[in-house]
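So the structure is just underneath, and the comments pick up after that.
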Amino acid sequence: MIAFLTDYGSRDGFAAVCHGVIARIAPEERVLDLTHDVPAHDVRHGARVLARAAEYLPPCTYVAVVDPGVGTSRRGIALLAGESVLIGPDNGLLLPAADELGGVREARQLDNPRLWLAKVDRTFHGRDIFAPVAAHLSTGVDFSEAGPVVDAASLVRLPEPRWSYAETGLTAEVTYVDGFGNVQLAPGRELLPRLAERSDVVGIRNGTTVLGRARVGAAFGDVERGELVVYVDADGRVAIAVNSGSAAMALGGVTTGTTLELVPVLL
Amino acid sequence: MIAFLTDYGSRDGFAAVCHGVIARIAPEERVLDLTHDVPAHDVRHGARVLARAAEYLPPCTYVAVVDPGVGTSRRGIALLAGESVLIGPDNGLLLPAADELGGVREARQLDNPRLWLAKVDRTFHGRDIFAPVAAHLSTGVDFSEAGPVVDAASLVRLPEPRWSYAETGLTAEVTYVDGFGNVQLAPGRELLPRLAERSDVVGIRNGTTVLGRARVGAAFGDVERGELVVYVDADGRVAIAVNSGSAAMALGGVTTGTTLELVPVLL
Amino acid sequence: MIAFLTDYGSRDGFAAVCHGVIARIAPEERVLDLTHDVPAHDVRHGARVLARAAEYLPPCTYVAVVDPGVGTSRRGIALLAGESVLIGPDNGLLLPAADELGGVREARQLDNPRLWLAKVDRTFHGRDIFAPVAAHLSTGVDFSEAGPVVDAASLVRLPEPRWSYAETGLTAEVTYVDGFGNVQLAPGRELLPRLAERSDVVGIRNGTTVLGRARVGAAFGDVERGELVVYVDADGRVAIAVNSGSAAMALGGVTTGTTLELVPVLL
């Protein structure tokens, strides 16, 4: 199976063209669309969705294209991680998924034009390089054919999201806002009990601006409609939600990269 | 075949994760995405799309997740209807499709964790319960394994949309607005000739506000561009459309739940 | 394989219903969704996406439905082109793809109700005529069964986009704006060197309004972020882009059908 993620959107048929390229090379191969609605050029968003999928999919060949640097000197890469292969640009998009799969076992730079389409356009490597390489590898072409080995330590990695915890509260970067408006923060589930220890209510601030007040440790359904909760989300991260609403909107439009402070309210 | 409907949207990859869960349990199973763009938490919309699909699909296993009550005490259920199985929350989402398939033959409450993922998150039953149950049942696990029988009469049912007809005209709730802006009303096709009997033109009102005037019994192409028609739509319901336009916008932004009056205009 | 394109959108499940119809007739057939997000009734957009796909897909049966004239006297047609079949309304939607596939070898008018659903609604020929015809033909029903031969010269063809080139510059209609905001013009790749001959910078005007200044012959990555380039896009057409941005927005909101002038700037 090939799992396919891009920021191509659906209205222009760019992803469908890549399906066609794959179907010509590997007609029997199933292709699962993870999403093509990654916000344009948002590498961090694409990386998060890819890692989320990698936790639950069977071993497969991933092709991921969120590629603002297409046509420049950024490398195309193929990674071996667990029993899976990941193919795409070397811009940080693939590494969180590779980590999820157990880490990079081997990395190669795509430089073998025999696995590409005959004509490579400077602006559409998804169609002309990444999709055909994935199709060839999925049909049994050896991983080593992709190109020469590169040092995994040389791969581009997205900066780690920032967060810190102190008695006065949690300061954390928003790492993801999903389509329901749930706001995911950087720390993992182990932080929630520490936050709840001091109070089961926190104030949420951005700098000196107070954005709202939330219950800690609850699920949506534990609070009234429209109320905020701080909980562990389905990715295992600390997150903020609103029962039957959008936390991102309730907090005044926070987006990925916003820094929030969660301050215990001592009642 | 598994038919899959949610309000997860596409940009976050939540539906893709469920595809992954299914592919691990039932790698050969085809999964047809009905839609993942049900408006968030809009159970009525999801129920309509599911019932529409059920009329035309071959017998299959439906998984449907529009689930504002996830994490509360609402039940998960599996229904046997015709030769098909429907799986999802007990909130009214599944019953119109079950009716379309000939009615509920047997209903069971999902309470068998052997068919679930090992770890069940409180906010993502689509991934952790509904998708794996569907995958197991589609591979031949007996329906009775899903959980204990529940009384079909105890299942949550959406309220019937309201409408009434009198000499003075038709008063009816808007039950659905599609992406083209076509406005579906509650009554079925048999009402149209009765409406046309008095006049082939109706005024459309919302309370005392006059919204427009439409021809009765026509198709889009029978009226000029931009003009309103009252017709029987492809679901077999009375509906209002505009030739090459959006009736919902032409009528000032009507939405599901709006009550409209269609009053014969005696020329 | 059946390749499927419509303007149905995803939220209403209309495309899924057609999948169901196909699955009942041809359960083994793979259906590839090219897109269902063609802007409503935008035949030109649909035709462009279909032609783009036809260049890269293996031989298959195309079903395309962007059909503002449904329910009127416009014909339904099936075209044989290369080793592929194209099915849809006779409104110009299919011909650019047929050209891409080598031209129409044979055209037939759909008039054989034995290949349709038993009940044909006036507003949903995708479900009731086009999808079932495609399913039957893909399972081996002979092309001649679709209906009588029609003269290919009688098929409706979209007007050719207008453009002209003179020493003073290029005047060209915008033929397509993709989801990234890249602006495609009518001429093919051979025009770019002629434009670059006079200067590697052009002013971009709409009538007397100056919209911006662009470098000619470059790729996105060759200019600074936010700067305009004129280049040959992945469809092989002259196009305008912005590095990490939307050219359509940078040029003040140009859309399909806008006429732009690209005037060499003699530095």
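Chain labels A, B, ... are given in the sequence in which chains occur in the structure tokens; within each chain residues are numbered consecutively from 1, and ligands are likewise numbered from 1 in the order shown.
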
Could you tell me, as an mmCIF file with N, CA and C atoms, in the first residue's frame, which residues of stretch 142-267 of chain C DSSP assigns to strand (DSSP E or B) when given the backbone?
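Written file, out.cif:
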data_model
loop_
_atom_site.group_PDB
_atom_site.id
_atom_site.type_symbol
_atom_site.label_atom_id
_atom_site.label_comp_id
_atom_site.auth_asym_id
_atom_site.auth_seq_id
_atom_site.Cartn_x
_atom_site.Cartn_y
_atom_site.Cartn_z
ATOM 1 N N VAL C 149 -24.091 6.379 -33.403
ATOM 2 C CA VAL C 149 -22.933 7.213 -33.729
ATOM 3 C C VAL C 149 -23.393 8.647 -33.996
ATOM 4 N N VAL C 150 -22.630 9.607 -33.474
ATOM 5 C CA VAL C 150 -22.869 11.002 -33.860
ATOM 6 C C VAL C 150 -21.596 11.560 -34.482
ATOM 7 N N TRP C 163 -5.298 34.721 -27.303
ATOM 8 C CA TRP C 163 -4.023 35.344 -27.007
ATOM 9 C C TRP C 163 -3.369 35.812 -28.290
ATOM 10 N N SER C 164 -2.494 36.814 -28.177
ATOM 11 C CA SER C 164 -1.736 37.290 -29.328
ATOM 12 C C SER C 164 -0.394 37.811 -28.846
ATOM 13 N N TYR C 165 0.594 37.759 -29.761
ATOM 14 C CA TYR C 165 1.926 38.192 -29.392
ATOM 15 C C TYR C 165 2.430 39.188 -30.423
ATOM 16 N N ALA C 166 3.002 40.267 -29.946
ATOM 17 C CA ALA C 166 3.602 41.259 -30.842
ATOM 18 C C ALA C 166 4.854 41.805 -30.160
ATOM 19 N N GLY C 169 4.509 43.071 -26.789
ATOM 20 C CA GLY C 169 4.277 42.176 -25.666
ATOM 21 C C GLY C 169 3.222 41.125 -25.953
ATOM 22 N N LEU C 170 2.873 40.388 -24.904
ATOM 23 C CA LEU C 170 1.914 39.289 -24.986
ATOM 24 C C LEU C 170 0.587 39.722 -24.370
ATOM 25 N N THR C 171 -0.500 39.518 -25.108
ATOM 26 C CA THR C 171 -1.842 39.728 -24.568
ATOM 27 C C THR C 171 -2.506 38.359 -24.501
ATOM 28 N N ALA C 172 -2.943 37.944 -23.305
ATOM 29 C CA ALA C 172 -3.427 36.563 -23.180
ATOM 30 C C ALA C 172 -4.490 36.442 -22.105
ATOM 31 N N GLU C 173 -5.432 35.548 -22.380
ATOM 32 C CA GLU C 173 -6.500 35.252 -21.445
ATOM 33 C C GLU C 173 -5.975 34.315 -20.349
ATOM 34 N N VAL C 174 -6.402 34.546 -19.138
ATOM 35 C CA VAL C 174 -6.117 33.611 -18.049
ATOM 36 C C VAL C 174 -7.024 32.395 -18.240
ATOM 37 N N THR C 175 -6.403 31.208 -18.332
ATOM 38 C CA THR C 175 -7.190 29.999 -18.611
ATOM 39 C C THR C 175 -7.454 29.172 -17.361
ATOM 40 N N TYR C 176 -6.680 29.448 -16.296
ATOM 41 C CA TYR C 176 -6.819 28.607 -15.112
ATOM 42 C C TYR C 176 -6.103 29.265 -13.952
ATOM 43 N N VAL C 177 -6.713 29.226 -12.778
ATOM 44 C CA VAL C 177 -6.034 29.649 -11.545
ATOM 45 C C VAL C 177 -6.116 28.472 -10.592
ATOM 46 N N VAL C 183 -1.249 31.439 -11.875
ATOM 47 C CA VAL C 183 -2.121 31.956 -12.935
ATOM 48 C C VAL C 183 -1.634 31.426 -14.279
ATOM 49 N N GLN C 184 -2.436 30.545 -14.900
ATOM 50 C CA GLN C 184 -2.033 29.963 -16.180
ATOM 51 C C GLN C 184 -2.617 30.779 -17.330
ATOM 52 N N LEU C 185 -1.769 31.035 -18.346
ATOM 53 C CA LEU C 185 -2.201 31.789 -19.530
ATOM 54 C C LEU C 185 -2.384 30.839 -20.709
ATOM 55 N N ALA C 186 -2.970 31.350 -21.778
ATOM 56 C CA ALA C 186 -3.322 30.510 -22.925
ATOM 57 C C ALA C 186 -2.108 29.939 -23.674
ATOM 58 N N PRO C 187 -1.019 30.674 -23.901
ATOM 59 C CA PRO C 187 0.013 30.125 -24.799
ATOM 60 C C PRO C 187 0.831 28.998 -24.183
ATOM 61 N N GLY C 188 1.410 28.177 -25.067
ATOM 62 C CA GLY C 188 2.259 27.073 -24.663
ATOM 63 C C GLY C 188 3.701 27.498 -24.426
ATOM 64 N N VAL C 201 12.517 40.965 -17.750
ATOM 65 C CA VAL C 201 11.522 41.522 -16.822
ATOM 66 C C VAL C 201 10.325 41.989 -17.651
ATOM 67 N N VAL C 202 9.116 41.658 -17.182
ATOM 68 C CA VAL C 202 7.913 42.173 -17.842
ATOM 69 C C VAL C 202 7.043 42.910 -16.833
ATOM 70 N N GLY C 203 6.378 43.937 -17.329
ATOM 71 C CA GLY C 203 5.292 44.538 -16.558
ATOM 72 C C GLY C 203 4.017 43.785 -16.872
ATOM 73 N N ILE C 204 3.166 43.620 -15.866
ATOM 74 C CA ILE C 204 1.902 42.913 -16.070
ATOM 75 C C ILE C 204 0.772 43.912 -15.909
ATOM 76 N N ARG C 205 -0.052 44.023 -16.959
ATOM 77 C CA ARG C 205 -1.135 45.009 -16.959
ATOM 78 C C ARG C 205 -2.466 44.352 -17.256
ATOM 79 N N ASN C 206 -3.515 44.978 -16.776
ATOM 80 C CA ASN C 206 -4.867 44.608 -17.192
ATOM 81 C C ASN C 206 -5.476 45.883 -17.745
ATOM 82 N N THR C 209 -4.307 49.322 -16.246
ATOM 83 C CA THR C 209 -3.921 49.164 -14.843
ATOM 84 C C THR C 209 -2.660 48.314 -14.734
ATOM 85 N N VAL C 210 -1.631 48.855 -14.119
ATOM 86 C CA VAL C 210 -0.394 48.097 -13.906
ATOM 87 C C VAL C 210 -0.561 47.247 -12.648
ATOM 88 N N LEU C 211 -0.381 45.941 -12.803
ATOM 89 C CA LEU C 211 -0.627 45.024 -11.684
ATOM 90 C C LEU C 211 0.657 44.568 -10.995
ATOM 91 N N GLY C 212 1.781 44.619 -11.728
ATOM 92 C CA GLY C 212 3.009 44.155 -11.103
ATOM 93 C C GLY C 212 4.113 43.971 -12.127
ATOM 94 N N ARG C 213 5.229 43.484 -11.664
ATOM 95 C CA ARG C 213 6.422 43.295 -12.486
ATOM 96 C C ARG C 213 6.994 41.928 -12.157
ATOM 97 N N ALA C 214 7.371 41.178 -13.186
ATOM 98 C CA ALA C 214 7.788 39.790 -12.964
ATOM 99 C C ALA C 214 9.071 39.464 -13.710
ATOM 100 N N ARG C 215 9.841 38.522 -13.172
ATOM 101 C CA ARG C 215 11.000 37.997 -13.897
ATOM 102 C C ARG C 215 10.553 36.892 -14.829
ATOM 103 N N VAL C 216 11.143 36.855 -16.018
ATOM 104 C CA VAL C 216 10.757 35.870 -17.033
ATOM 105 C C VAL C 216 11.726 34.698 -17.036
ATOM 106 N N LEU C 228 7.204 38.022 -8.155
ATOM 107 C CA LEU C 228 6.505 37.370 -9.272
ATOM 108 C C LEU C 228 7.487 36.791 -10.290
ATOM 109 N N VAL C 229 7.126 35.639 -10.869
ATOM 110 C CA VAL C 229 7.879 35.052 -11.980
ATOM 111 C C VAL C 229 6.908 34.634 -13.089
ATOM 112 N N VAL C 230 7.418 34.742 -14.338
ATOM 113 C CA VAL C 230 6.702 34.168 -15.484
ATOM 114 C C VAL C 230 7.492 32.941 -15.905
ATOM 115 N N TYR C 231 6.831 31.796 -16.010
ATOM 116 C CA TYR C 231 7.543 30.540 -16.211
ATOM 117 C C TYR C 231 6.675 29.584 -17.023
ATOM 118 N N VAL C 232 7.224 28.419 -17.345
ATOM 119 C CA VAL C 232 6.410 27.375 -17.970
ATOM 120 C C VAL C 232 5.970 26.431 -16.868
ATOM 121 N N ARG C 237 2.324 25.235 -19.959
ATOM 122 C CA ARG C 237 1.776 26.526 -20.365
ATOM 123 C C ARG C 237 2.539 27.671 -19.710
ATOM 124 N N VAL C 238 2.507 28.843 -20.380
ATOM 125 C CA VAL C 238 3.051 30.051 -19.766
ATOM 126 C C VAL C 238 2.174 30.401 -18.557
ATOM 127 N N ALA C 239 2.812 30.711 -17.436
ATOM 128 C CA ALA C 239 2.058 30.972 -16.214
ATOM 129 C C ALA C 239 2.794 31.986 -15.359
ATOM 130 N N ILE C 240 2.074 32.537 -14.384
ATOM 131 C CA ILE C 240 2.634 33.532 -13.468
ATOM 132 C C ILE C 240 2.489 33.000 -12.051
ATOM 133 N N ALA C 241 3.585 33.077 -11.271
ATOM 134 C CA ALA C 241 3.542 32.595 -9.892
ATOM 135 C C ALA C 241 4.239 33.597 -8.989
ATOM 136 N N VAL C 242 4.042 33.406 -7.694
ATOM 137 C CA VAL C 242 4.765 34.160 -6.674
ATOM 138 C C VAL C 242 5.487 33.148 -5.798
ATOM 139 N N GLY C 245 3.690 32.350 -2.385
ATOM 140 C CA GLY C 245 2.500 33.174 -2.293
ATOM 141 C C GLY C 245 1.547 32.909 -3.441
ATOM 142 N N THR C 259 -8.096 39.129 -19.025
ATOM 143 C CA THR C 259 -7.051 39.304 -20.040
ATOM 144 C C THR C 259 -5.890 40.097 -19.444
ATOM 145 N N LEU C 260 -4.697 39.549 -19.557
ATOM 146 C CA LEU C 260 -3.498 40.216 -19.047
ATOM 147 C C LEU C 260 -2.580 40.581 -20.210
ATOM 148 N N GLU C 261 -1.844 41.699 -20.043
ATOM 149 C CA GLU C 261 -0.781 42.038 -20.988
ATOM 150 C C GLU C 261 0.559 41.946 -20.286
ATOM 151 N N LEU C 262 1.505 41.251 -20.913
ATOM 152 C CA LEU C 262 2.863 41.142 -20.377
ATOM 153 C C LEU C 262 3.781 41.939 -21.297
ATOM 154 N N VAL C 263 4.303 43.049 -20.781
ATOM 155 C CA VAL C 263 5.008 44.033 -21.598
ATOM 156 C C VAL C 263 6.478 44.048 -21.198
ATOM 157 N N PRO C 264 7.400 43.782 -22.146
ATOM 158 C CA PRO C 264 8.823 43.788 -21.798
ATOM 159 C C PRO C 264 9.239 45.128 -21.194
#

Within 7 Å of stretch 85-91 of chain B, counting only C-alpha atoms, which residues show up once you throw out same-chain ones fewer than 3 positions away? Write them as a ChimeraX atom specification, please.
/B:60-65,67,74-81,94,130,134,155-157

Just the selected residues (all heavy atoms), exported as a compact mmCIF listing (two decimals), in the first residue's frame, please.
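Wrote result.txt, looks like this:
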# COMPACT_ATOMS: atom_id res chain seq x y z
N CYS B 60 -23.43 -3.69 2.47
CA CYS B 60 -22.08 -3.48 2.99
C CYS B 60 -22.12 -3.13 4.47
O CYS B 60 -23.18 -3.12 5.10
CB CYS B 60 -21.35 -2.40 2.19
SG CYS B 60 -22.09 -0.79 2.29
N THR B 61 -20.96 -2.87 5.02
CA THR B 61 -20.83 -2.47 6.42
C THR B 61 -20.63 -0.97 6.48
O THR B 61 -19.64 -0.45 5.95
CB THR B 61 -19.62 -3.18 7.06
OG1 THR B 61 -19.77 -4.59 6.90
CG2 THR B 61 -19.50 -2.83 8.54
N TYR B 62 -21.57 -0.26 7.05
CA TYR B 62 -21.47 1.19 7.18
C TYR B 62 -20.85 1.55 8.53
O TYR B 62 -21.26 1.01 9.56
CB TYR B 62 -22.86 1.84 7.11
CG TYR B 62 -23.53 1.71 5.76
CD1 TYR B 62 -24.30 0.60 5.45
CD2 TYR B 62 -23.38 2.70 4.80
CE1 TYR B 62 -24.91 0.47 4.20
CE2 TYR B 62 -23.99 2.58 3.55
CZ TYR B 62 -24.75 1.47 3.26
OH TYR B 62 -25.35 1.35 2.04
N VAL B 63 -19.90 2.45 8.51
CA VAL B 63 -19.40 3.08 9.74
C VAL B 63 -19.67 4.55 9.62
O VAL B 63 -19.19 5.19 8.68
CB VAL B 63 -17.88 2.90 9.93
CG1 VAL B 63 -17.49 3.23 11.35
CG2 VAL B 63 -17.44 1.53 9.54
N ALA B 64 -20.39 5.12 10.56
CA ALA B 64 -20.74 6.53 10.50
C ALA B 64 -20.45 7.17 11.85
O ALA B 64 -20.86 6.65 12.89
CB ALA B 64 -22.20 6.71 10.11
N VAL B 65 -19.74 8.29 11.82
CA VAL B 65 -19.34 8.94 13.06
C VAL B 65 -19.59 10.45 12.96
O VAL B 65 -18.79 11.18 12.37
CB VAL B 65 -17.86 8.67 13.38
CG1 VAL B 65 -17.56 9.09 14.82
CG2 VAL B 65 -17.48 7.22 13.14
N ASP B 67 -20.63 12.69 16.06
CA ASP B 67 -20.72 12.15 17.43
C ASP B 67 -20.42 13.21 18.47
O ASP B 67 -19.44 13.10 19.22
CB ASP B 67 -19.72 10.98 17.52
CG ASP B 67 -19.96 10.11 18.75
OD1 ASP B 67 -20.99 10.28 19.41
OD2 ASP B 67 -19.08 9.28 19.02
N ARG B 74 -23.55 8.12 25.98
CA ARG B 74 -24.30 7.65 24.80
C ARG B 74 -23.70 6.31 24.34
O ARG B 74 -22.51 6.09 24.39
CB ARG B 74 -24.28 8.71 23.69
CG ARG B 74 -22.95 8.90 22.96
CD ARG B 74 -22.86 8.14 21.67
NE ARG B 74 -21.50 8.18 21.12
CZ ARG B 74 -20.56 7.30 21.43
NH1 ARG B 74 -20.79 6.33 22.28
NH2 ARG B 74 -19.36 7.40 20.89
N ARG B 75 -24.60 5.43 23.87
CA ARG B 75 -24.16 4.09 23.50
C ARG B 75 -23.52 4.06 22.11
O ARG B 75 -23.85 4.88 21.25
CB ARG B 75 -25.36 3.14 23.47
CG ARG B 75 -26.11 3.04 24.77
CD ARG B 75 -27.23 2.03 24.68
NE ARG B 75 -28.34 2.50 23.86
CZ ARG B 75 -29.56 1.93 23.85
NH1 ARG B 75 -29.79 0.86 24.59
NH2 ARG B 75 -30.52 2.41 23.10
N GLY B 76 -22.63 3.11 21.90
CA GLY B 76 -22.25 2.73 20.54
C GLY B 76 -23.11 1.56 20.13
O GLY B 76 -23.40 0.69 20.95
N ILE B 77 -23.54 1.54 18.87
CA ILE B 77 -24.45 0.48 18.44
C ILE B 77 -24.06 -0.12 17.10
O ILE B 77 -23.34 0.52 16.30
CB ILE B 77 -25.92 0.98 18.34
CG1 ILE B 77 -25.99 2.25 17.47
CG2 ILE B 77 -26.51 1.22 19.71
CD1 ILE B 77 -27.43 2.72 17.16
N ALA B 78 -24.54 -1.34 16.87
CA ALA B 78 -24.46 -1.98 15.55
C ALA B 78 -25.87 -2.42 15.19
O ALA B 78 -26.57 -3.00 16.02
CB ALA B 78 -23.51 -3.16 15.59
N LEU B 79 -26.28 -2.11 13.96
CA LEU B 79 -27.62 -2.46 13.50
C LEU B 79 -27.52 -3.39 12.30
O LEU B 79 -26.69 -3.17 11.41
CB LEU B 79 -28.40 -1.20 13.09
CG LEU B 79 -28.45 -0.04 14.08
CD1 LEU B 79 -29.24 1.13 13.48
CD2 LEU B 79 -29.07 -0.50 15.39
N LEU B 80 -28.40 -4.37 12.27
CA LEU B 80 -28.55 -5.22 11.10
C LEU B 80 -29.79 -4.73 10.37
O LEU B 80 -30.87 -4.62 10.97
CB LEU B 80 -28.76 -6.66 11.58
CG LEU B 80 -28.33 -7.84 10.74
CD1 LEU B 80 -26.87 -7.75 10.32
CD2 LEU B 80 -28.56 -9.13 11.55
N ALA B 81 -29.63 -4.39 9.08
CA ALA B 81 -30.76 -3.86 8.30
C ALA B 81 -30.59 -4.35 6.87
O ALA B 81 -29.55 -4.08 6.26
CB ALA B 81 -30.79 -2.34 8.35
N LEU B 94 -27.92 6.71 12.48
CA LEU B 94 -28.00 5.50 11.67
C LEU B 94 -29.42 5.12 11.24
O LEU B 94 -29.59 4.41 10.25
CB LEU B 94 -27.38 4.31 12.43
CG LEU B 94 -25.98 4.50 12.99
CD1 LEU B 94 -25.55 3.22 13.71
CD2 LEU B 94 -24.97 4.85 11.90
N PHE B 130 -15.37 2.18 16.59
CA PHE B 130 -16.25 1.95 15.44
C PHE B 130 -15.51 1.34 14.25
O PHE B 130 -15.98 0.37 13.65
CB PHE B 130 -16.95 3.25 15.03
CG PHE B 130 -17.79 3.86 16.12
CD1 PHE B 130 -17.70 5.21 16.44
CD2 PHE B 130 -18.71 3.08 16.82
CE1 PHE B 130 -18.49 5.77 17.42
CE2 PHE B 130 -19.51 3.64 17.83
CZ PHE B 130 -19.39 5.00 18.13
N ALA B 134 -16.14 -2.47 12.76
CA ALA B 134 -16.55 -2.65 11.36
C ALA B 134 -15.60 -3.58 10.63
O ALA B 134 -16.02 -4.46 9.87
CB ALA B 134 -16.60 -1.30 10.65
N LEU B 155 -33.75 2.86 20.66
CA LEU B 155 -32.72 3.63 19.96
C LEU B 155 -33.13 5.09 19.80
O LEU B 155 -34.31 5.38 19.58
CB LEU B 155 -32.45 3.02 18.58
CG LEU B 155 -31.95 1.56 18.57
CD1 LEU B 155 -31.92 1.02 17.14
CD2 LEU B 155 -30.58 1.44 19.23
N VAL B 156 -32.16 5.97 19.90
CA VAL B 156 -32.43 7.40 19.76
C VAL B 156 -32.81 7.70 18.31
O VAL B 156 -32.14 7.26 17.38
CB VAL B 156 -31.18 8.23 20.16
CG1 VAL B 156 -31.42 9.71 19.86
CG2 VAL B 156 -30.85 8.01 21.63
N ARG B 157 -33.90 8.44 18.12
CA ARG B 157 -34.37 8.78 16.78
C ARG B 157 -34.47 10.29 16.66
O ARG B 157 -34.93 10.96 17.59
CB ARG B 157 -35.73 8.11 16.55
CG ARG B 157 -36.21 8.10 15.12
CD ARG B 157 -37.49 7.28 14.95
NE ARG B 157 -37.25 5.88 14.64
CZ ARG B 157 -36.96 5.42 13.42
NH1 ARG B 157 -36.85 6.24 12.39
NH2 ARG B 157 -36.77 4.13 13.22

Once you count only C-alpha atoms, what closest atom pair and distance in Å to one decimal does each residue of chain A within 6 Å of chain B have, with rows by chain and rising residue number, as CSV?
residue,atom,partner,partner_atom,distance
A:Leu34,CA,B:Ala16,CA,5.0
A:Thr35,CA,B:Ser10,CA,5.8
A:Asp37,CA,B:Arg11,CA,4.7
A:Val38,CA,B:Arg11,CA,5.5
A:Val49,CA,B:Gly13,CA,5.7
A:Ala53,CA,B:Val17,CA,5.1
A:Tyr56,CA,B:Gly20,CA,5.4
A:Leu57,CA,B:Gly20,CA,4.0
A:Pro58,CA,B:Arg24,CA,5.4
A:Gly221,CA,B:Thr72,CA,5.4
A:Ala234,CA,B:Asp121,CA,6.0

Output N, CA and C atoms for every residue in the selection just made, as an mmCIF file, in the first residue's frame.
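The resulting file, result32.cif, is reproduced below:
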data_model
loop_
_atom_site.group_PDB
_atom_site.id
_atom_site.type_symbol
_atom_site.label_atom_id
_atom_site.label_comp_id
_atom_site.auth_asym_id
_atom_site.auth_seq_id
_atom_site.Cartn_x
_atom_site.Cartn_y
_atom_site.Cartn_z
ATOM 1 N N LEU A 34 -4.079 10.119 2.501
ATOM 2 C CA LEU A 34 -4.125 10.551 3.908
ATOM 3 C C LEU A 34 -4.836 11.893 3.995
ATOM 4 N N THR A 35 -4.373 12.838 3.223
ATOM 5 C CA THR A 35 -5.076 14.104 2.990
ATOM 6 C C THR A 35 -4.320 14.833 1.899
ATOM 7 N N ASP A 37 -5.286 18.170 1.810
ATOM 8 C CA ASP A 37 -5.718 19.478 2.282
ATOM 9 C C ASP A 37 -4.835 20.029 3.391
ATOM 10 N N VAL A 38 -3.568 19.622 3.434
ATOM 11 C CA VAL A 38 -2.610 20.322 4.281
ATOM 12 C C VAL A 38 -2.604 21.785 3.827
ATOM 13 N N VAL A 49 0.283 15.350 10.618
ATOM 14 C CA VAL A 49 -0.716 14.410 10.077
ATOM 15 C C VAL A 49 -0.033 13.112 9.657
ATOM 16 N N ALA A 53 -0.762 9.364 11.203
ATOM 17 C CA ALA A 53 -1.138 8.199 10.391
ATOM 18 C C ALA A 53 -0.165 7.046 10.619
ATOM 19 N N TYR A 56 -0.815 4.338 13.124
ATOM 20 C CA TYR A 56 -1.952 3.408 12.986
ATOM 21 C C TYR A 56 -1.981 2.613 11.684
ATOM 22 N N LEU A 57 -1.193 3.022 10.685
ATOM 23 C CA LEU A 57 -1.236 2.303 9.411
ATOM 24 C C LEU A 57 -0.388 1.044 9.468
ATOM 25 N N PRO A 58 -0.704 0.068 8.619
ATOM 26 C CA PRO A 58 0.207 -1.068 8.466
ATOM 27 C C PRO A 58 1.476 -0.594 7.735
ATOM 28 N N GLY A 221 -17.413 16.127 27.287
ATOM 29 C CA GLY A 221 -18.749 15.870 27.811
ATOM 30 C C GLY A 221 -18.863 16.159 29.299
ATOM 31 N N ALA A 234 -6.370 12.725 21.523
ATOM 32 C CA ALA A 234 -6.224 11.389 20.953
ATOM 33 C C ALA A 234 -4.824 11.140 20.388
#

As a count of residues only, which residues of stretch 88-246 of chain C does DSSP assign to alpha helix (DSSP H)?
23

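Those residues that approach C:Glu145 to within 10 Å, counting only C-alpha atoms, are Arg108, Leu110, Asp111, Asn112, Arg114, Leu115, Val133, His136, Leu137 and Val141 of chain C; same-chain residues fewer than 4 positions away are not listed.
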
Atom CA of B:Ala47 to atom CA of B:Leu101, straight-line distance in Å
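Going from atom CA of B:Leu101 over to atom CA of B:Ala47, I get 13.2 Å.
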
Shell around B:Leu95 at 8 Å using only C-alpha atoms, local window under 2 positions removed, as a count of residues only:
8
